[in-house]
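Asks: My structure is in upload-v5.txt, and what it holds is compact mmCIF, C-alpha atoms:
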```
# COMPACT_ATOMS: atom_id res chain seq x y z
CA MET A 16 -15.87 7.54 -7.74
CA MET A 17 -17.34 9.45 -4.83
CA ASN A 18 -16.12 12.92 -3.99
CA PRO A 19 -13.47 12.14 -1.32
CA PHE A 20 -13.72 15.67 0.09
CA PRO A 21 -17.40 15.97 1.06
CA HIS A 22 -16.80 19.00 3.26
CA GLY A 23 -14.49 20.92 0.95
CA PHE A 24 -10.82 20.29 0.27
CA ILE A 25 -9.36 23.58 1.46
CA GLY A 26 -11.17 23.67 4.79
CA LEU A 27 -9.91 20.23 5.83
CA LEU A 28 -6.28 20.39 4.80
CA SER A 29 -3.81 19.96 7.65
CA LEU A 30 -0.37 21.40 7.01
CA ALA A 31 2.71 19.89 8.66
CA LEU A 32 5.83 21.92 9.22
CA ALA A 33 9.15 20.39 8.20
CA SER A 34 9.80 17.88 10.96
CA SER A 35 10.29 14.22 11.73
CA LEU A 36 7.00 13.92 13.64
CA HIS A 37 3.64 15.49 12.92
CA ALA A 38 0.22 15.11 14.51
CA ALA A 39 -2.60 15.52 11.97
CA ASP A 40 -6.34 14.89 11.98
CA GLY A 41 -6.63 11.16 12.65
CA LEU A 42 -2.90 10.48 12.29
CA GLU A 43 0.60 10.82 13.65
CA LEU A 44 3.33 10.66 10.98
CA LYS A 45 7.11 10.57 11.02
CA LEU A 46 10.07 9.59 8.86
CA VAL A 47 12.16 6.65 10.05
CA SER A 48 15.33 4.93 8.81
CA ASP A 49 17.06 1.59 9.21
CA VAL A 50 20.52 3.23 9.40
CA ASP A 51 22.05 5.89 11.61
CA THR A 52 24.93 6.64 9.26
CA ILE A 53 24.95 6.64 5.45
CA SER A 54 27.66 4.66 3.65
CA PRO A 55 28.86 5.74 0.17
CA GLY A 56 26.94 3.95 -2.60
CA LYS A 57 25.13 1.62 -0.18
CA SER A 58 21.32 1.63 -0.40
CA PHE A 59 19.28 1.88 2.77
CA THR A 60 15.62 2.09 3.73
CA VAL A 61 13.55 4.98 5.02
CA GLY A 62 9.85 4.90 5.77
CA LEU A 63 6.89 7.11 6.45
CA ASN A 64 5.33 5.74 9.62
CA LEU A 65 1.57 6.29 9.97
CA ARG A 66 -0.03 5.80 13.38
CA HIS A 67 -3.81 5.85 13.10
CA LYS A 68 -5.94 7.29 15.84
CA GLU A 69 -8.88 5.13 16.94
CA GLY A 70 -11.52 4.78 14.24
CA PHE A 71 -9.40 6.27 11.44
CA HIS A 72 -7.94 4.69 8.33
CA THR A 73 -5.78 5.70 5.35
CA TYR A 74 -5.61 4.16 1.87
CA TRP A 75 -3.68 1.56 -0.12
CA LYS A 76 -2.13 2.25 -3.53
CA ASN A 77 -5.51 1.37 -5.13
CA PRO A 78 -8.20 2.39 -2.62
CA GLY A 79 -11.16 1.18 -4.68
CA ILE A 80 -14.25 3.29 -5.22
CA VAL A 81 -13.40 5.89 -2.55
CA GLY A 82 -10.26 7.36 -1.05
CA ILE A 83 -6.87 8.67 -2.13
CA PRO A 84 -3.59 6.82 -1.48
CA THR A 85 -0.74 8.36 0.47
CA ALA A 86 1.87 9.92 -1.83
CA LEU A 87 5.49 11.00 -1.37
CA SER A 88 7.80 13.28 -3.34
CA TRP A 89 11.45 13.75 -2.45
CA ASN A 90 13.93 16.62 -2.31
CA LEU A 91 17.29 14.88 -2.03
CA PRO A 92 20.93 16.00 -2.09
CA ASP A 93 22.77 15.72 -5.42
CA GLY A 94 23.44 12.13 -6.44
CA PHE A 95 20.80 10.57 -4.18
CA SER A 96 17.81 8.67 -5.61
CA ALA A 97 14.58 7.31 -4.12
CA GLY A 98 12.63 4.23 -5.21
CA ASP A 99 8.88 3.73 -5.30
CA ILE A 100 6.79 3.13 -2.20
CA GLN A 101 6.75 -0.48 -1.03
CA TRP A 102 3.20 -1.02 0.22
CA PRO A 103 2.26 -3.27 3.16
CA HIS A 104 -0.62 -5.64 2.50
CA PRO A 105 -3.97 -3.81 2.57
CA GLU A 106 -7.11 -4.40 4.59
CA LYS A 107 -10.80 -4.15 3.78
CA THR A 108 -12.27 -1.06 5.39
CA PHE A 109 -15.16 1.37 4.92
CA MET A 110 -15.63 5.08 4.30
CA SER A 111 -19.18 6.25 5.07
CA GLY A 112 -20.41 2.70 4.51
CA HIS A 113 -18.61 2.29 1.18
CA PRO A 114 -16.11 -0.59 0.96
CA CYS A 115 -12.52 0.33 0.18
CA HIS A 116 -8.94 -0.87 0.57
CA GLY A 117 -6.67 0.73 3.11
CA TYR A 118 -5.16 0.53 6.57
CA GLU A 119 -6.77 0.66 9.98
CA ARG A 120 -3.61 -0.69 11.63
CA ASP A 121 -0.43 1.33 12.02
CA ILE A 122 1.89 0.95 9.03
CA THR A 123 5.18 2.14 7.57
CA LEU A 124 5.53 2.90 3.85
CA LEU A 125 9.05 1.86 2.84
CA ILE A 126 11.31 3.53 0.28
CA THR A 127 14.81 2.51 -0.82
CA ILE A 128 17.29 5.41 -0.89
CA THR A 129 20.52 5.05 -2.89
CA PRO A 130 23.34 7.50 -2.12
CA PRO A 131 26.23 8.40 -4.46
CA GLU A 132 29.72 6.96 -4.13
CA ILE A 133 31.00 10.32 -2.88
CA LEU A 134 28.98 11.79 -0.04
CA PRO A 135 28.66 15.46 0.89
CA GLU A 136 30.99 16.53 3.68
CA GLU A 137 28.26 18.43 5.51
CA LYS A 138 25.30 16.94 7.38
CA ILE A 139 22.99 15.03 5.03
CA ILE A 140 19.30 15.94 5.12
CA LEU A 141 16.62 14.00 3.22
CA ARG A 142 13.40 15.95 2.70
CA ALA A 143 10.03 14.59 1.64
CA SER A 144 6.61 16.07 0.96
CA ALA A 145 3.69 13.81 1.79
CA GLN A 146 -0.01 13.87 0.95
CA TRP A 147 -2.58 11.65 2.61
CA MET A 148 -6.22 11.28 3.52
CA ALA A 149 -7.38 10.00 6.90
CA CYS A 150 -11.03 9.06 7.24
CA ALA A 151 -13.45 8.09 10.00
CA ALA A 152 -16.96 9.57 10.13
CA GLN A 153 -15.56 12.26 7.83
CA CYS A 154 -12.37 12.64 5.79
CA PHE A 155 -9.37 14.83 6.51
CA PRO A 156 -6.98 15.30 3.56
CA GLY A 157 -3.57 16.54 4.66
CA PHE A 158 -0.12 17.38 3.41
CA GLY A 159 3.19 18.04 5.09
CA ASP A 160 6.93 18.39 4.74
CA PHE A 161 9.23 16.03 6.64
CA GLN A 162 12.96 15.62 6.98
CA ILE A 163 15.49 13.20 8.42
CA SER A 164 19.15 14.02 9.05
CA PHE A 165 22.33 11.89 9.03
CA PRO A 166 24.34 10.98 10.98
CA ARG A 167 21.78 10.58 13.73
CA GLU A 168 21.60 9.12 17.19
CA SER A 169 20.72 5.44 17.40
CA THR A 170 16.94 4.91 17.45
CA THR A 171 14.38 2.11 17.54
CA ASP A 172 13.36 2.81 13.92
CA ARG A 173 14.65 -0.59 12.81
CA ILE A 174 11.81 -2.29 14.67
CA LEU A 175 9.27 -0.35 12.60
CA ILE A 176 11.20 -1.02 9.38
CA GLU A 177 11.46 -4.76 10.05
CA LYS A 178 7.77 -5.00 10.90
CA ALA A 179 6.89 -3.20 7.65
CA GLN A 180 9.17 -5.48 5.63
CA SER A 181 7.35 -8.50 7.03
CA GLU A 182 4.02 -7.03 5.83
CA ILE A 183 5.02 -6.51 2.19
CA PRO A 184 3.32 -9.18 0.03
CA LYS A 185 5.71 -11.51 -1.76
CA LYS A 186 5.43 -14.12 -4.49
CA ASP A 187 5.00 -17.69 -3.26
CA PRO A 188 6.31 -20.29 -5.74
CA GLN A 189 4.15 -22.92 -4.02
CA LEU A 190 0.93 -21.02 -4.72
CA LYS A 191 -0.66 -21.99 -8.05
CA VAL A 192 -2.92 -19.22 -9.36
CA SER A 193 -4.20 -18.86 -12.93
CA LEU A 194 -6.88 -17.02 -14.89
CA LYS A 195 -9.65 -18.89 -16.64
CA SER A 196 -11.06 -15.74 -18.23
CA GLN A 197 -9.75 -13.87 -21.27
CA LYS A 198 -8.62 -10.26 -21.58
CA ASP A 199 -11.39 -7.71 -21.02
CA ALA A 200 -13.98 -10.42 -20.26
CA PRO A 201 -16.88 -8.96 -18.24
CA ILE A 202 -16.44 -11.68 -15.58
CA ILE A 203 -13.02 -12.44 -14.10
CA GLU A 204 -12.39 -16.02 -12.96
CA LEU A 205 -9.34 -16.73 -10.83
CA LEU A 206 -8.34 -20.37 -10.19
CA ILE A 207 -6.46 -21.16 -6.97
CA LYS A 208 -4.97 -24.66 -6.62
CA GLY A 209 -3.84 -26.31 -3.41
CA ASN A 210 -5.16 -27.32 -0.01
CA HIS A 211 -6.73 -23.96 0.72
CA SER A 212 -9.85 -22.97 2.62
CA GLU A 213 -12.55 -20.68 1.29
CA LYS A 214 -12.41 -18.71 4.54
CA ASN A 215 -10.83 -15.23 4.50
CA LEU A 216 -10.13 -15.40 0.75
CA TYR A 217 -10.09 -11.99 -0.91
CA PHE A 218 -8.32 -10.39 -3.88
CA PHE A 219 -7.08 -6.77 -3.77
CA SER A 220 -6.82 -5.46 -7.33
CA GLU A 221 -3.70 -3.36 -7.86
CA ASP A 222 -4.75 -1.64 -11.09
CA GLY A 223 -8.51 -1.32 -10.66
CA GLN A 224 -9.70 -4.24 -12.81
CA ILE A 225 -11.84 -5.22 -9.82
CA SER A 226 -13.67 -2.58 -7.79
CA SER A 227 -13.84 -2.66 -4.01
CA ASP A 228 -17.67 -2.66 -4.10
CA GLN A 229 -18.01 -5.90 -6.11
CA LEU A 230 -18.93 -9.16 -4.40
CA GLN A 231 -16.21 -11.78 -4.85
CA ASN A 232 -17.91 -15.17 -5.18
CA ILE A 233 -15.84 -18.12 -3.95
CA THR A 234 -16.71 -21.69 -4.95
CA ARG A 235 -14.87 -25.00 -4.83
CA LEU A 236 -14.36 -26.56 -8.25
CA ASP A 237 -12.81 -29.76 -6.91
CA GLU A 238 -10.90 -30.97 -3.86
CA LYS A 239 -7.86 -28.78 -4.62
CA THR A 240 -9.26 -25.94 -6.74
CA LEU A 241 -11.04 -22.80 -5.61
CA VAL A 242 -12.63 -20.37 -8.06
CA LEU A 243 -12.93 -16.66 -7.37
CA LYS A 244 -15.48 -15.09 -9.72
CA VAL A 245 -16.17 -11.35 -9.83
CA LYS A 246 -17.52 -8.72 -12.22
CA ARG A 247 -14.92 -6.61 -14.01
CA SER A 248 -15.00 -2.94 -13.05
CA ASP A 249 -16.65 -0.51 -15.46
CA PHE A 250 -13.46 1.57 -15.12
CA SER A 251 -11.03 -1.32 -15.64
CA PRO A 252 -7.93 -0.67 -17.78
CA GLN A 253 -8.22 -2.37 -21.16
CA ASN A 254 -6.10 -4.99 -22.94
CA VAL A 255 -3.77 -5.62 -19.99
CA PRO A 256 -1.88 -8.95 -20.05
CA GLY A 257 -2.50 -10.00 -16.46
CA LEU A 258 -4.21 -9.35 -13.15
CA PRO A 259 -1.76 -7.81 -10.63
CA GLY A 260 -2.72 -7.64 -6.99
CA VAL A 261 -2.58 -9.12 -3.53
CA LEU A 262 -4.37 -12.38 -2.72
CA HIS A 263 -5.34 -12.66 0.94
CA LEU A 264 -5.55 -16.36 1.69
CA GLY A 265 -6.03 -17.55 5.24
CA LYS A 266 -3.59 -15.48 7.31
CA ARG A 267 -1.14 -14.82 4.48
CA ASN A 268 -0.92 -12.22 1.72
CA HIS A 269 0.54 -13.16 -1.66
CA LEU A 270 1.74 -10.96 -4.49
CA ILE A 271 0.30 -12.40 -7.72
CA LYS A 272 0.03 -11.50 -11.40
CA PRO A 273 -1.55 -14.36 -13.37
CA VAL A 274 -1.84 -13.87 -17.13
CA TYR A 275 -5.07 -14.04 -19.12
CA SER A 276 -5.82 -17.03 -21.31
CA ASP A 277 -5.73 -16.61 -25.10
```
Could you rewrite the structure in this file as structure tokens?

Replies:
Amino acid sequence: MMNPFPHGFIGLLSLALASSLHAADGLELKLVSDVDTISPGKSFTVGLNLRHKEGFHTYWKNPGIVGIPTALSWNLPDGFSAGDIQWPHPEKTFMSGHPCHGYERDITLLITITPPEILPEEKIILRASAQWMACAAQCFPGFGDFQISFPRESTTDRILIEKAQSEIPKKDPQLKVSLKSQKDAPIIELLIKGNHSEKNLYFFSEDGQISSDQLQNITRLDEKTLVLKVKRSDFSPQNVPGLPGVLHLGKRNHLIKPVYSD
């Protein structure tokens, strides 16, 4: 993997003070929520909203051969818990001419927060530390501390949350995807059945079995079967049962995890 900090890590770090909104190199970031008041024991959604300045991008959970994904760690009141990041579907982008997987559009990374059955009597403050890397002609790693307080005045955050929820890839029971190749085979062959076009077909590997710099060859096996064939990454995890990732097909993005043949 390339050095993601070509100009030195320390010199490019941007530090955000604890706040709900922060302007960084290439980005504006803030915490948002789909509720104004927390109910005992009832889960709700918060999100880190990333607004990219023109020409900049950030990175998906598996960026490919370059880049570092956005990360969050939480400092929550007693009894509260936070789930993992729910990632919107990624895009193909480039860093210094190298293909990678990330976001040029504005996005919101969603997290489910679960409060305890008995809430604190005082004002509730959720605190998060974030790390990210925004790139254009050069890269700007950054980190910052954010917070969001409850109860809060009514906001338009729900619009951002709902948009992000619509961009999270989901399983489609009508989509028939299988693997022709076996575990650890040097060439991965993905079979896609249905009335699908070869246009705009691309697979985003979640665990790095396929690198972002490998050409994905698409051919039609028969009237209803497409074959995606690609070289396995030299850094692929070994002996995994399936191929998790996001299949971009037409204008839709599908969460898939076909299993390898015996």

Asks: Tell me, as an NGL selection string, which residues lie within 10 Å of Thr123 (chain A), counting only C-alpha atoms; anything in the same chain fewer than 2 positions away does not count.

Replies: :A and (44-47 or 61-66 or 100-103 or 121 or 125-126 or 175-180 or 182)

Asks: For Ser88 (chain A), which residue among A:Ser196, A:Ser169, A:Gln162, A:Gln229 is the nearest when counting only C-alpha atoms?

Replies: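 The shortest atom-to-atom distance to Ser88 (chain A) comes from A:Gln162.
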
Asks: My list of candidates is A:Gly209, A:Gly94, A:Pro114, A:Pro105. Which is closest to Gln189 (chain A) when distances are computed with all atoms listed in the file?

Replies: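 Answer, going by the shortest atom-to-atom distance: A:Gly209.
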
Asks: Report, in Å with one decimal, the straight-line distance from CA of Thr85 (chain A) to CA of Gln224 (chain A).

Replies: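 Computed distance, CA of Thr85 (chain A) to CA of Gln224 (chain A), equals 20.4 Å.
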
Asks: Under the rule that only C-alpha atoms are counted, which of A:Ala39, A:Ile203, A:Ile128, A:Val50 is the nearest residue to Arg167 (chain A)?

Replies: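 With only C-alpha atoms as the atom set, the closest residue is A:Val50.
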
Asks: Pick out the closest residue to Asp228 (chain A) from this set: A:Gly112, A:Gly98, A:Gly56, A:Gly70. Count only C-alpha atoms.

Replies: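 Between A:Gly112, A:Gly98, A:Gly56, A:Gly70, the residue approaching Asp228 (chain A) most closely is A:Gly112.
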
Asks: Using all atoms listed in the file, which of A:Ile53, A:Ile80, A:Ala149, A:Leu205 sits nearest Glu132 (chain A)?

Replies: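 Selected residue with least distance to Glu132 (chain A): A:Ile53.
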
Asks: So what do you get for CA of Pro256 (chain A) versus CA of Ile225 (chain A), distance-wise?

Replies: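 Separation between CA of Pro256 (chain A) and CA of Ile225 (chain A): 14.8 Å.
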
Asks: Could you give me, as a ChimeraX atom specification, the residues within 12 Å of Phe109 (chain A), counting all atoms listed in the file and dropping anything in the same chain fewer than 4 positions from it?

Replies: /A:70-74,78-82,113-119,149-154,227-228

Asks: Those residues with C-alpha atoms, as a short mmCIF file (atom, residue, chain, number, x, y, z; two decimals), in the coordinates of the input please?

Replies:
```cif
data_model
loop_
_atom_site.label_atom_id
_atom_site.label_comp_id
_atom_site.auth_asym_id
_atom_site.auth_seq_id
_atom_site.Cartn_x
_atom_site.Cartn_y
_atom_site.Cartn_z
CA GLY A 70 -11.52 4.78 14.24
CA PHE A 71 -9.40 6.27 11.44
CA HIS A 72 -7.94 4.69 8.33
CA THR A 73 -5.78 5.70 5.35
CA TYR A 74 -5.61 4.16 1.87
CA PRO A 78 -8.20 2.39 -2.62
CA GLY A 79 -11.16 1.18 -4.68
CA ILE A 80 -14.25 3.29 -5.22
CA VAL A 81 -13.40 5.89 -2.55
CA GLY A 82 -10.26 7.36 -1.05
CA HIS A 113 -18.61 2.29 1.18
CA PRO A 114 -16.11 -0.59 0.96
CA CYS A 115 -12.52 0.33 0.18
CA HIS A 116 -8.94 -0.87 0.57
CA GLY A 117 -6.67 0.73 3.11
CA TYR A 118 -5.16 0.53 6.57
CA GLU A 119 -6.77 0.66 9.98
CA ALA A 149 -7.38 10.00 6.90
CA CYS A 150 -11.03 9.06 7.24
CA ALA A 151 -13.45 8.09 10.00
CA ALA A 152 -16.96 9.57 10.13
CA GLN A 153 -15.56 12.26 7.83
CA CYS A 154 -12.37 12.64 5.79
CA SER A 227 -13.84 -2.66 -4.01
CA ASP A 228 -17.67 -2.66 -4.10
#
```

Asks: Which residue out of A:Asn254, A:Thr108, A:Asn90, A:Thr170 has the minimum interatomic distance to Asp199 (chain A) when all atoms listed in the file are used?

Replies: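 For Asp199 (chain A), the nearest of the candidates is A:Asn254.
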
Asks: Could you state the separation of CA of His211 (chain A) and CA of Lys246 (chain A) in Å, given to one decimal place?

Replies: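 Spanning CA of His211 (chain A) to CA of Lys246 (chain A) is a straight-line distance of 22.7 Å.
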
Asks: Within 7 Å of Val274 (chain A), counting all atoms listed in the file, which residues show up once you throw out same-chain ones fewer than 4 positions away? Write them as a PyMOL selection string, please.

Replies: chain A and resi 193-194+256-258

Asks: Each side padded by 6 Å, which centre and which edge lengths in Å (one decimal) define the axis-aligned box around the listed atoms of region 136-146 of chain A? Give them as lines of an AutoDock Vina configuration file.

Replies:
```
center_x = 15.5
center_y = 16.1
center_z = 4.2
size_x = 43.0
size_y = 16.6
size_z = 18.4
```

Asks: Add whatever atoms are absent from region 104-122 of chain A to reach N, CA and C atoms, and provide the output as a CSV table (one decimal), in the coordinates of the input.

Replies:
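Result written to out-v9.csv:
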```csv
chain,number,residue,atom,x,y,z
A,104,HIS,N,0.6,-5.0,3.0
A,104,HIS,CA,-0.6,-5.6,2.5
A,104,HIS,C,-1.8,-4.8,3.0
A,105,PRO,N,-2.8,-4.6,2.2
A,105,PRO,CA,-4.0,-3.8,2.6
A,105,PRO,C,-5.0,-4.6,3.4
A,106,GLU,N,-6.0,-3.8,3.9
A,106,GLU,CA,-7.1,-4.4,4.6
A,106,GLU,C,-8.4,-3.9,3.9
A,107,LYS,N,-9.5,-4.7,4.2
A,107,LYS,CA,-10.8,-4.2,3.8
A,107,LYS,C,-11.3,-3.2,4.9
A,108,THR,N,-11.7,-2.0,4.4
A,108,THR,CA,-12.3,-1.1,5.4
A,108,THR,C,-13.4,-0.3,4.7
A,109,PHE,N,-14.0,0.7,5.4
A,109,PHE,CA,-15.2,1.4,4.9
A,109,PHE,C,-15.0,2.9,5.1
A,110,MET,N,-15.5,3.6,4.2
A,110,MET,CA,-15.6,5.1,4.3
A,110,MET,C,-17.1,5.4,4.1
A,111,SER,N,-17.8,5.9,5.1
A,111,SER,CA,-19.2,6.2,5.1
A,111,SER,C,-20.0,5.1,4.5
A,112,GLY,N,-19.7,3.9,4.9
A,112,GLY,CA,-20.4,2.7,4.5
A,112,GLY,C,-20.0,2.1,3.2
A,113,HIS,N,-19.1,2.8,2.5
A,113,HIS,CA,-18.6,2.3,1.2
A,113,HIS,C,-17.3,1.5,1.3
A,114,PRO,N,-17.3,0.3,0.8
A,114,PRO,CA,-16.1,-0.6,1.0
A,114,PRO,C,-14.9,0.0,0.2
A,115,CYS,N,-13.7,-0.1,0.8
A,115,CYS,CA,-12.5,0.3,0.2
A,115,CYS,C,-11.3,-0.4,0.7
A,116,HIS,N,-10.2,-0.1,0.2
A,116,HIS,CA,-8.9,-0.9,0.6
A,116,HIS,C,-7.9,0.1,1.2
A,117,GLY,N,-7.6,-0.2,2.4
A,117,GLY,CA,-6.7,0.7,3.1
A,117,GLY,C,-6.0,0.1,4.3
A,118,TYR,N,-5.9,1.0,5.4
A,118,TYR,CA,-5.2,0.5,6.6
A,118,TYR,C,-5.8,1.1,7.8
A,119,GLU,N,-6.3,0.2,8.7
A,119,GLU,CA,-6.8,0.7,10.0
A,119,GLU,C,-5.7,0.5,11.0
A,120,ARG,N,-4.7,-0.5,10.7
A,120,ARG,CA,-3.6,-0.7,11.6
A,120,ARG,C,-2.5,0.3,11.3
A,121,ASP,N,-1.6,0.5,12.3
A,121,ASP,CA,-0.4,1.3,12.0
A,121,ASP,C,0.5,0.7,11.0
A,122,ILE,N,1.1,1.5,10.1
A,122,ILE,CA,1.9,1.0,9.0
A,122,ILE,C,3.1,1.8,8.8
```
